[in-house]
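**Student:** Following this line is model_34.txt, made up of compact mmCIF, C-alpha atoms:
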# COMPACT_ATOMS: atom_id res chain seq x y z
CA MET A 11 115.90 40.69 25.90
CA LYS A 12 113.48 43.52 25.98
CA LYS A 13 112.37 42.63 22.46
CA VAL A 14 111.70 38.97 23.49
CA PHE A 15 109.61 40.12 26.46
CA VAL A 16 107.56 42.40 24.24
CA LEU A 17 107.07 39.55 21.75
CA PHE A 18 105.81 37.15 24.44
CA PHE A 19 103.52 39.87 25.86
CA ALA A 20 102.02 40.52 22.44
CA LEU A 21 101.53 36.76 21.90
CA PHE A 22 99.82 36.46 25.30
CA LEU A 23 97.48 39.31 24.50
CA SER A 24 96.62 37.86 21.13
CA VAL A 25 95.91 34.41 22.64
CA GLY A 26 93.82 35.94 25.39
CA THR A 27 91.87 38.01 22.91
CA TYR A 28 91.29 34.92 20.75
CA ASN A 29 90.04 32.90 23.74
CA THR A 30 87.79 35.72 24.81
CA THR A 31 86.34 35.89 21.30
CA LEU A 32 85.76 32.12 21.23
CA LEU A 33 84.04 32.23 24.61
CA ALA A 34 81.83 35.09 23.48
CA GLN A 35 80.89 33.24 20.31
CA GLY A 36 80.23 30.10 22.33
CA ASP A 37 77.91 31.97 24.67
CA ASP A 38 76.05 33.58 21.77
CA SER A 39 75.62 30.28 19.99
CA THR A 40 74.42 28.60 23.17
CA GLY A 41 71.93 31.34 23.84
CA THR A 42 70.62 31.17 20.35
CA THR A 43 70.23 27.45 20.62
CA VAL A 44 68.30 27.77 23.83
CA VAL A 45 66.03 30.40 22.35
CA ASP A 46 65.45 28.29 19.29
CA ASP A 47 64.62 25.26 21.42
CA SER A 48 62.16 27.23 23.46
CA ASN A 49 60.54 28.66 20.36
CA SER A 50 60.30 25.26 18.80
CA MET A 51 58.79 23.88 21.96
CA ALA A 52 56.41 26.82 22.13
CA ASN A 53 55.38 26.27 18.53
CA ASP A 54 54.92 22.51 18.98
CA PRO A 55 51.16 21.86 18.85
CA ALA A 56 51.59 18.64 20.77
CA ASP A 57 53.12 20.42 23.80
CA ASP A 58 50.99 23.57 23.60
CA PRO A 59 48.37 23.35 26.34
CA VAL A 60 46.17 25.83 24.51
CA ASP A 61 45.92 23.64 21.45
CA ASP A 62 45.14 20.49 23.41
CA PRO A 63 41.71 19.16 22.47
CA VAL A 64 39.14 19.76 25.14
CA ASP A 65 36.62 17.05 25.77
CA GLU A 66 33.46 18.98 25.17
CA PRO A 67 30.16 17.28 25.90
CA THR A 68 28.64 15.97 22.71
CA VAL A 69 25.15 17.22 21.94
CA ASN A 70 22.96 14.27 21.01
CA ALA A 71 20.68 14.97 18.09
CA GLU A 72 17.00 14.34 18.69
CA PRO A 73 16.05 10.90 17.39
CA GLU A 74 13.76 10.86 14.41
CA VAL A 75 10.28 9.73 15.33
CA GLU A 76 9.05 7.02 13.01
CA MET A 77 5.59 7.72 11.66
CA SER A 78 3.00 5.01 11.72
CA LEU A 79 1.20 3.87 8.60
CA HIS A 80 -1.91 5.80 9.60
CA GLN A 81 0.10 9.01 10.04
CA VAL A 82 1.89 8.56 6.72
CA VAL A 83 -1.38 8.01 4.86
CA LYS A 84 -2.98 10.99 6.59
CA LYS A 85 -0.04 13.28 5.76
CA ASN A 86 0.07 12.24 2.11
CA PHE A 87 -3.71 12.56 1.87
CA ILE A 88 -3.53 16.17 3.03
CA ASP A 89 -0.51 16.97 0.87
CA GLY A 90 -2.24 15.57 -2.21
CA GLY A 91 -5.06 18.11 -2.03
CA TRP A 92 -8.39 17.43 -0.41
CA GLU A 93 -10.44 18.28 -3.51
CA PHE A 94 -9.58 15.14 -5.43
CA MET A 95 -8.47 13.03 -2.50
CA ALA A 96 -11.92 13.36 -0.91
CA ILE A 97 -13.63 12.16 -4.09
CA VAL A 98 -11.25 9.20 -4.36
CA LEU A 99 -11.92 8.39 -0.71
CA ILE A 100 -15.67 8.46 -1.32
CA CYS A 101 -15.19 5.99 -4.18
CA LEU A 102 -13.27 3.70 -1.83
CA ILE A 103 -15.90 3.88 0.93
CA LEU A 104 -18.86 3.27 -1.39
CA GLY A 105 -17.02 0.51 -3.23
CA LEU A 106 -16.12 -1.27 0.02
CA ALA A 107 -19.70 -0.96 1.25
CA ILE A 108 -21.03 -2.62 -1.90
CA ALA A 109 -18.33 -5.29 -1.81
CA ILE A 110 -18.97 -6.19 1.84
CA GLU A 111 -22.74 -6.33 1.29
CA ARG A 112 -22.29 -8.65 -1.70
CA ILE A 113 -19.88 -10.91 0.15
CA ILE A 114 -22.29 -11.29 3.08
CA THR A 115 -25.26 -11.92 0.77
CA LEU A 116 -23.43 -14.48 -1.32
CA SER A 117 -22.14 -16.26 1.77
CA LEU A 118 -25.68 -16.59 3.12
CA ALA A 119 -26.90 -17.78 -0.29
CA THR A 120 -24.37 -20.62 -0.43
CA VAL A 121 -25.94 -23.98 0.41
CA ASN A 122 -25.00 -27.60 0.06
CA THR A 123 -26.68 -28.36 -3.25
CA LYS A 124 -25.89 -32.08 -3.12
CA LYS A 125 -27.69 -32.43 0.19
CA LEU A 126 -30.63 -30.38 -1.11
CA VAL A 127 -30.98 -32.49 -4.25
CA ALA A 128 -30.77 -35.67 -2.19
CA GLU A 129 -33.63 -34.49 0.06
CA LEU A 130 -35.71 -33.57 -2.98
CA ASP A 131 -34.99 -36.93 -4.56
CA ASN A 132 -36.15 -38.67 -1.41
CA ALA A 133 -39.38 -36.68 -1.28
CA ILE A 134 -40.14 -37.09 -5.00
CA SER A 135 -39.41 -40.81 -4.80
CA ARG A 136 -42.19 -41.07 -2.23
CA GLY A 137 -44.45 -39.09 -4.57
CA ASN A 138 -44.73 -36.17 -2.18
CA ILE A 139 -44.18 -33.03 -4.28
CA LYS A 140 -45.62 -30.85 -1.52
CA GLU A 141 -42.86 -31.97 0.82
CA ALA A 142 -40.29 -31.18 -1.86
CA GLN A 143 -41.74 -27.70 -2.24
CA ASP A 144 -41.62 -27.15 1.52
CA ILE A 145 -37.97 -28.21 1.55
CA CYS A 146 -37.22 -25.59 -1.10
CA LYS A 147 -39.09 -22.91 0.84
CA ALA A 148 -37.24 -23.73 4.05
CA THR A 149 -33.83 -23.61 2.35
CA PRO A 150 -32.38 -20.12 1.73
CA GLY A 151 -30.55 -19.16 -1.41
CA PRO A 152 -31.22 -18.80 -5.13
CA THR A 153 -30.79 -22.50 -5.87
CA ALA A 154 -33.68 -23.55 -3.64
CA GLU A 155 -35.79 -20.69 -5.04
CA VAL A 156 -35.25 -21.84 -8.63
CA LEU A 157 -35.95 -25.48 -7.79
CA GLY A 158 -39.10 -24.48 -5.93
CA GLN A 159 -40.40 -22.55 -8.94
CA GLY A 160 -39.77 -25.58 -11.12
CA LEU A 161 -41.64 -27.89 -8.74
CA LYS A 162 -44.68 -25.59 -8.91
CA ARG A 163 -45.02 -26.41 -12.63
CA VAL A 164 -44.87 -30.17 -12.30
CA ASP A 165 -48.52 -30.56 -13.26
CA ASP A 166 -47.88 -28.75 -16.55
CA GLY A 167 -45.18 -31.18 -17.68
CA ILE A 168 -41.40 -31.22 -17.93
CA ASP A 169 -41.30 -28.46 -20.53
CA ALA A 170 -43.13 -26.09 -18.20
CA VAL A 171 -40.74 -27.02 -15.41
CA GLU A 172 -37.72 -26.23 -17.60
CA LYS A 173 -39.18 -22.89 -18.67
CA ALA A 174 -39.93 -21.92 -15.08
CA ILE A 175 -36.40 -22.87 -14.02
CA ILE A 176 -34.80 -20.89 -16.86
CA SER A 177 -36.93 -17.80 -16.27
CA ASN A 178 -36.43 -17.75 -12.52
CA GLY A 179 -32.75 -18.61 -12.94
CA SER A 180 -32.20 -15.44 -14.97
CA VAL A 181 -33.87 -13.40 -12.24
CA GLN A 182 -31.72 -14.99 -9.54
CA MET A 183 -28.54 -14.35 -11.53
CA GLY A 184 -29.51 -10.68 -11.78
CA LEU A 185 -29.99 -10.56 -8.02
CA LEU A 186 -26.63 -12.20 -7.41
CA GLU A 187 -24.88 -9.63 -9.60
CA LYS A 188 -26.69 -6.71 -7.98
CA GLY A 189 -24.37 -3.79 -7.29
CA LEU A 190 -21.45 -5.10 -9.35
CA VAL A 191 -22.06 -2.43 -11.98
CA TRP A 192 -21.50 0.30 -9.39
CA LEU A 193 -18.44 -1.47 -8.06
CA ALA A 194 -17.01 -1.60 -11.58
CA LEU A 195 -17.78 2.11 -11.95
CA PHE A 196 -15.78 2.99 -8.84
CA ILE A 197 -12.91 0.83 -10.04
CA ALA A 198 -12.74 2.80 -13.28
CA LEU A 199 -13.49 6.17 -11.68
CA ALA A 200 -10.79 6.13 -8.96
CA PRO A 201 -7.72 6.06 -11.26
CA MET A 202 -9.36 8.51 -13.65
CA LEU A 203 -9.76 11.00 -10.80
CA GLY A 204 -6.14 10.38 -9.88
CA PHE A 205 -5.01 11.09 -13.42
CA MET A 206 -7.13 14.24 -13.45
CA GLY A 207 -5.36 15.40 -10.33
CA THR A 208 -2.07 14.63 -12.05
CA VAL A 209 -2.97 16.79 -15.04
CA ILE A 210 -4.13 19.66 -12.83
CA GLY A 211 -0.99 19.46 -10.73
CA MET A 212 1.23 19.57 -13.81
CA ILE A 213 -0.74 22.52 -15.16
CA GLY A 214 -0.14 24.37 -11.89
CA ALA A 215 3.58 23.54 -12.04
CA PHE A 216 3.96 24.88 -15.58
CA ASP A 217 1.89 27.92 -14.66
CA SER A 218 4.38 28.70 -11.87
CA ILE A 219 7.26 28.34 -14.32
CA GLU A 220 5.56 30.68 -16.78
CA LYS A 221 4.99 33.36 -14.15
CA ALA A 222 8.53 33.16 -12.77
CA GLY A 223 10.21 32.96 -16.16
CA ASP A 224 12.70 30.50 -14.75
CA ILE A 225 12.75 26.85 -13.82
CA GLN A 226 13.45 26.23 -10.16
CA PRO A 227 12.82 22.98 -8.31
CA SER A 228 10.93 24.73 -5.53
CA MET A 229 8.42 26.14 -8.02
CA VAL A 230 7.44 22.86 -9.63
CA ALA A 231 7.92 20.51 -6.69
CA GLY A 232 4.53 21.26 -5.14
CA GLY A 233 2.53 20.67 -8.31
CA ILE A 234 4.40 17.51 -9.19
CA LYS A 235 3.95 16.16 -5.65
CA VAL A 236 0.19 16.74 -5.81
CA ALA A 237 0.09 15.07 -9.21
CA LEU A 238 1.93 11.97 -8.03
CA LEU A 239 -0.03 11.60 -4.78
CA THR A 240 -3.42 11.78 -6.48
CA THR A 241 -2.31 9.19 -9.02
CA VAL A 242 -1.01 6.85 -6.33
CA PHE A 243 -4.17 7.06 -4.23
CA GLY A 244 -6.40 6.54 -7.25
CA LEU A 245 -4.47 3.43 -8.26
CA ILE A 246 -4.50 2.06 -4.72
CA VAL A 247 -8.29 2.43 -4.50
CA ALA A 248 -8.73 0.77 -7.89
CA ILE A 249 -6.49 -2.15 -6.91
CA ILE A 250 -8.34 -2.76 -3.64
CA LEU A 251 -11.78 -2.66 -5.26
CA GLN A 252 -10.62 -4.80 -8.18
CA ILE A 253 -9.59 -7.56 -5.78
CA PHE A 254 -13.03 -7.53 -4.17
CA TYR A 255 -14.71 -7.42 -7.59
CA ASN A 256 -12.86 -10.49 -8.82
CA TYR A 257 -13.64 -12.38 -5.61
CA ILE A 258 -17.35 -11.54 -5.85
CA THR A 259 -17.46 -12.48 -9.53
CA ALA A 260 -15.86 -15.83 -8.79
CA LYS A 261 -18.38 -16.39 -5.98
CA VAL A 262 -21.30 -15.59 -8.30
CA ASP A 263 -19.98 -17.96 -10.97
CA SER A 264 -19.67 -20.72 -8.39
CA LEU A 265 -23.26 -20.23 -7.22
CA VAL A 266 -24.55 -20.17 -10.80
CA ASN A 267 -22.74 -23.40 -11.64
CA SER A 268 -24.14 -25.07 -8.52
CA MET A 269 -27.62 -23.84 -9.41
CA GLU A 270 -27.38 -25.20 -12.95
CA ASP A 271 -26.17 -28.58 -11.72
CA ALA A 272 -29.04 -28.74 -9.22
CA THR A 273 -31.68 -27.88 -11.82
CA ILE A 274 -30.36 -30.50 -14.23
CA SER A 275 -30.44 -33.08 -11.44
CA LEU A 276 -34.03 -32.10 -10.55
CA ILE A 277 -35.21 -32.49 -14.15
CA ASP A 278 -33.51 -35.88 -14.38
CA ILE A 279 -35.21 -36.98 -11.16
CA LEU A 280 -38.64 -35.88 -12.42
CA ILE A 281 -38.12 -37.66 -15.74
CA ASP A 282 -36.94 -40.86 -14.04
CA LYS A 283 -39.90 -40.89 -11.67
CA GLY A 284 -42.39 -40.39 -14.52
CA ASN A 285 -45.88 -39.36 -13.42
CA VAL A 286 -45.48 -40.45 -9.82
CA SER A 287 -44.78 -36.91 -8.60
CA THR A 288 -47.76 -35.40 -10.34
CA THR A 289 -50.30 -37.59 -8.64
CA ASN A 290 -49.56 -36.23 -5.16
CA VAL A 291 -49.44 -32.51 -5.89
CA GLY A 292 -51.21 -30.58 -3.13
CA GLU A 293 -50.94 -33.28 -0.48
Is it possible to express this structure as structure tokens?
**Tutor:**
Amino acid sequence: MKKVFVLFFALFLSVGTYNTTLLAQGDDSTGTTVVDDSNSMANDPADDPVDDPVDEPTVNAEPEVEMSLHQVVKKNFIDGGWEFMAIVLICLILGLAIAIERIITLSLATVNTKKLVAELDNAISRGNIKEAQDICKATPGPTAEVLGQGLKRVDDGIDAVEKAIISNGSVQMGLLEKGLVWLALFIALAPMLGFMGTVIGMIGAFDSIEKAGDIQPSMVAGGIKVALLTTVFGLIVAIILQIFYNYITAKVDSLVNSMEDATISLIDILIDKGNVSTTNVGE
């Protein structure tokens, strides 16, 4: 009996010890789990208030100011070097001055040749050469001047009239083409100056490379920029003046053709009228 009691007591102690051990392990495991959860929550960037993005005020960059055409041209003119840019600009100014003067002169010299010839035909048909000469004097332009010179030689015959018309026509053509030689010079000179600036700029770029002993973009960029800008400005000036030159040349050709047609018509009128016009010279 005593042995059975001892056996039950030992079994009770062993069960109690086992339960105590299980409870202790359960507490440890629970504590560890709690710690791990807290650590995981602490390490979670989504729940960490420190790592939350803060709405900082955005700093707006200053808007780029667009440069006008005048400002762009002025900046590039200065960057290209004033030595050659100034000469190219002088070519442009002088060329435009000549072109504008020619355009105004040719516009004033343009007359209605058909109306002029009709008035001369009416006067010559009445035998009044003096009236025809007065009409030519009152009409501006090279055509009326040539026809007037021809009418002054009516007394000397048709051949004298033709010679007077041809001689004075050559003079009037020279006056119409006045200044075009200089305009053509500026057209050729402007791009040549630009190319000269290009060559000088490239020489400066290679000189910088030689002194440094190394090729770096910053060393050659300045010389190449000057070279390109001078070339561009020279070509722009040449293009502008070439347009005016072609317009003026076309205008001169139109006036010359009108003058030739008018002189041919005058000679035909004098031949058709015979000696009628010569009898009233000086009236």
**Student:** Out of A:Val156, A:Phe216, A:Thr120, A:Ile253, which residue has the shortest atom-to-atom distance to Ile197 of chain A when counting only C-alpha atoms?
**Tutor:**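 Nearest candidate to Ile197 of chain A out of A:Val156, A:Phe216, A:Thr120, A:Ile253: A:Ile253.
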**Student:** Need to verify the contact set: Leu251 of chain A, 8 Å, all atoms listed in the file, exclusion of same-chain residues closer than 6 positions in sequence. Can you return it as a PDB file with C-alpha atoms, keeping the file's coordinate frame?
**Tutor:**
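Result file is out_1.pdb:
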ATOM      1  CA  LEU A 102     -13.270   3.700  -1.830  1.00  0.00           C
ATOM      2  CA  GLY A 105     -17.020   0.510  -3.230  1.00  0.00           C
ATOM      3  CA  LEU A 106     -16.120  -1.270   0.020  1.00  0.00           C
ATOM      4  CA  ALA A 109     -18.330  -5.290  -1.810  1.00  0.00           C
ATOM      5  CA  LEU A 193     -18.440  -1.470  -8.060  1.00  0.00           C
ATOM      6  CA  PHE A 196     -15.780   2.990  -8.840  1.00  0.00           C
ATOM      7  CA  ILE A 197     -12.910   0.830 -10.040  1.00  0.00           C
TER       8      ILE A 197
END
**Student:** Segment 99-218 of chain A near segment 263-270 of chain A within 10 Å: what's each residue's closest atom pair and its distance in Å to one decimal, counting only C-alpha atoms, ordered by chain then ascending residue number, as a Markdown table?
**Tutor:**
| residue | atom | partner | partner_atom | distance |
| --- | --- | --- | --- | --- |
| A:Leu116 | CA | A:Leu265 | CA | 8.2 |
| A:Ser117 | CA | A:Leu265 | CA | 9.9 |
| A:Ala119 | CA | A:Leu265 | CA | 8.2 |
| A:Thr120 | CA | A:Leu265 | CA | 6.9 |
| A:Val121 | CA | A:Leu265 | CA | 8.9 |
| A:Asn122 | CA | A:Ser268 | CA | 9.0 |
| A:Thr123 | CA | A:Ser268 | CA | 6.7 |
| A:Lys124 | CA | A:Ser268 | CA | 9.0 |
| A:Gly151 | CA | A:Leu265 | CA | 9.4 |
| A:Pro152 | CA | A:Met269 | CA | 7.5 |
| A:Thr153 | CA | A:Met269 | CA | 4.9 |
| A:Ala154 | CA | A:Met269 | CA | 8.4 |
| A:Glu155 | CA | A:Met269 | CA | 9.8 |
| A:Val156 | CA | A:Met269 | CA | 7.9 |
| A:Leu157 | CA | A:Met269 | CA | 8.6 |
| A:Ile175 | CA | A:Glu270 | CA | 9.4 |
| A:Ile176 | CA | A:Glu270 | CA | 9.4 |
| A:Gly179 | CA | A:Met269 | CA | 8.1 |
| A:Ser180 | CA | A:Val266 | CA | 9.9 |
| A:Gln182 | CA | A:Val266 | CA | 8.9 |
| A:Met183 | CA | A:Val266 | CA | 7.1 |
| A:Leu186 | CA | A:Leu265 | CA | 8.7 |
| A:Glu187 | CA | A:Asp263 | CA | 9.8 |
**Student:** Could you work out how far atom CA of Val262 of chain A lies from atom CA of Ile145 of chain A, giving the answer in Å with one decimal?
**Tutor:** 23.1 Å
**Student:** Neighbouring residues of Ile97 of chain A were defined as those with any atom within 10 Å, considering all atoms listed in the file; residues of the same chain fewer than 5 positions away were excluded. Please report them as a list in words.
**Tutor:** Trp92, Leu102, Ile103, Leu199, Ala200, Leu203, Gly204 and Gly244 of chain A
**Student:** Could you tell me how far atom CA of Lys235 of chain A lies from atom CA of Gly211 of chain A, in Å and to one decimal?
**Tutor:**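 We find that atom CA of Lys235 of chain A and atom CA of Gly211 of chain A lie 7.8 Å from each other.
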**Student:** Measuring between only C-alpha atoms, which one of A:Ile139, A:Ile108, A:Leu276, A:Ile113 shows the shortest distance to Trp192 of chain A?
**Tutor:**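 For Trp192 of chain A, the nearest of the given residues is A:Ile108.
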**Student:** To one decimal place in Å, what is the distance between atom CA of Leu99 of chain A and atom CA of Ile114 of chain A?
**Tutor:**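 Straight-line distance from atom CA of Leu99 of chain A to atom CA of Ile114 of chain A works out to 22.6 Å.
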**Student:** Let me make sure I understand: among A:Cys101, A:Ala142, A:Ala248, A:Met95, which one has the smallest atom-to-atom distance to Thr208 of chain A if we use all atoms listed in the file?
**Tutor:** A:Met95
**Student:** Might you pull out every residue within 9 Å of Ala174 of chain A, with all atoms listed in the file counted and same-chain residues fewer than 2 positions away left off, and present them as a list in words?
**Tutor:**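 Near Ala174 of chain A, the qualifying residues are Val156, Gln159, Gly160, Leu161, Lys162, Arg163, Asp169, Ala170, Val171, Glu172, Ile176, Ser177, Asn178 and Gly179 of chain A.
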**Student:** Please return the centre and edge lengths, in Å to one decimal, of a box with edges along x, y and z that contains all listed atoms of segment 208-211 of chain A, widened by 8 Å on every side, as lines of an AutoDock Vina configuration file.
**Tutor:**
center_x = -2.6
center_y = 17.1
center_z = -12.9
size_x = 19.1
size_y = 21.0
size_z = 20.3
**Student:** Calculated over all atoms listed in the file, which of the candidates A:Ile279, A:Val236, A:Cys146, A:Met212 has the smallest distance to Ile134 of chain A?
**Tutor:** A:Ile279
**Student:** Given the choices A:Ala272, A:Ile168, A:Ala194, A:Val98, which gets closest to Val242 of chain A if the distance is worked out from all atoms listed in the file?
**Tutor:**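 The answer is A:Val98, which sits nearest to Val242 of chain A.
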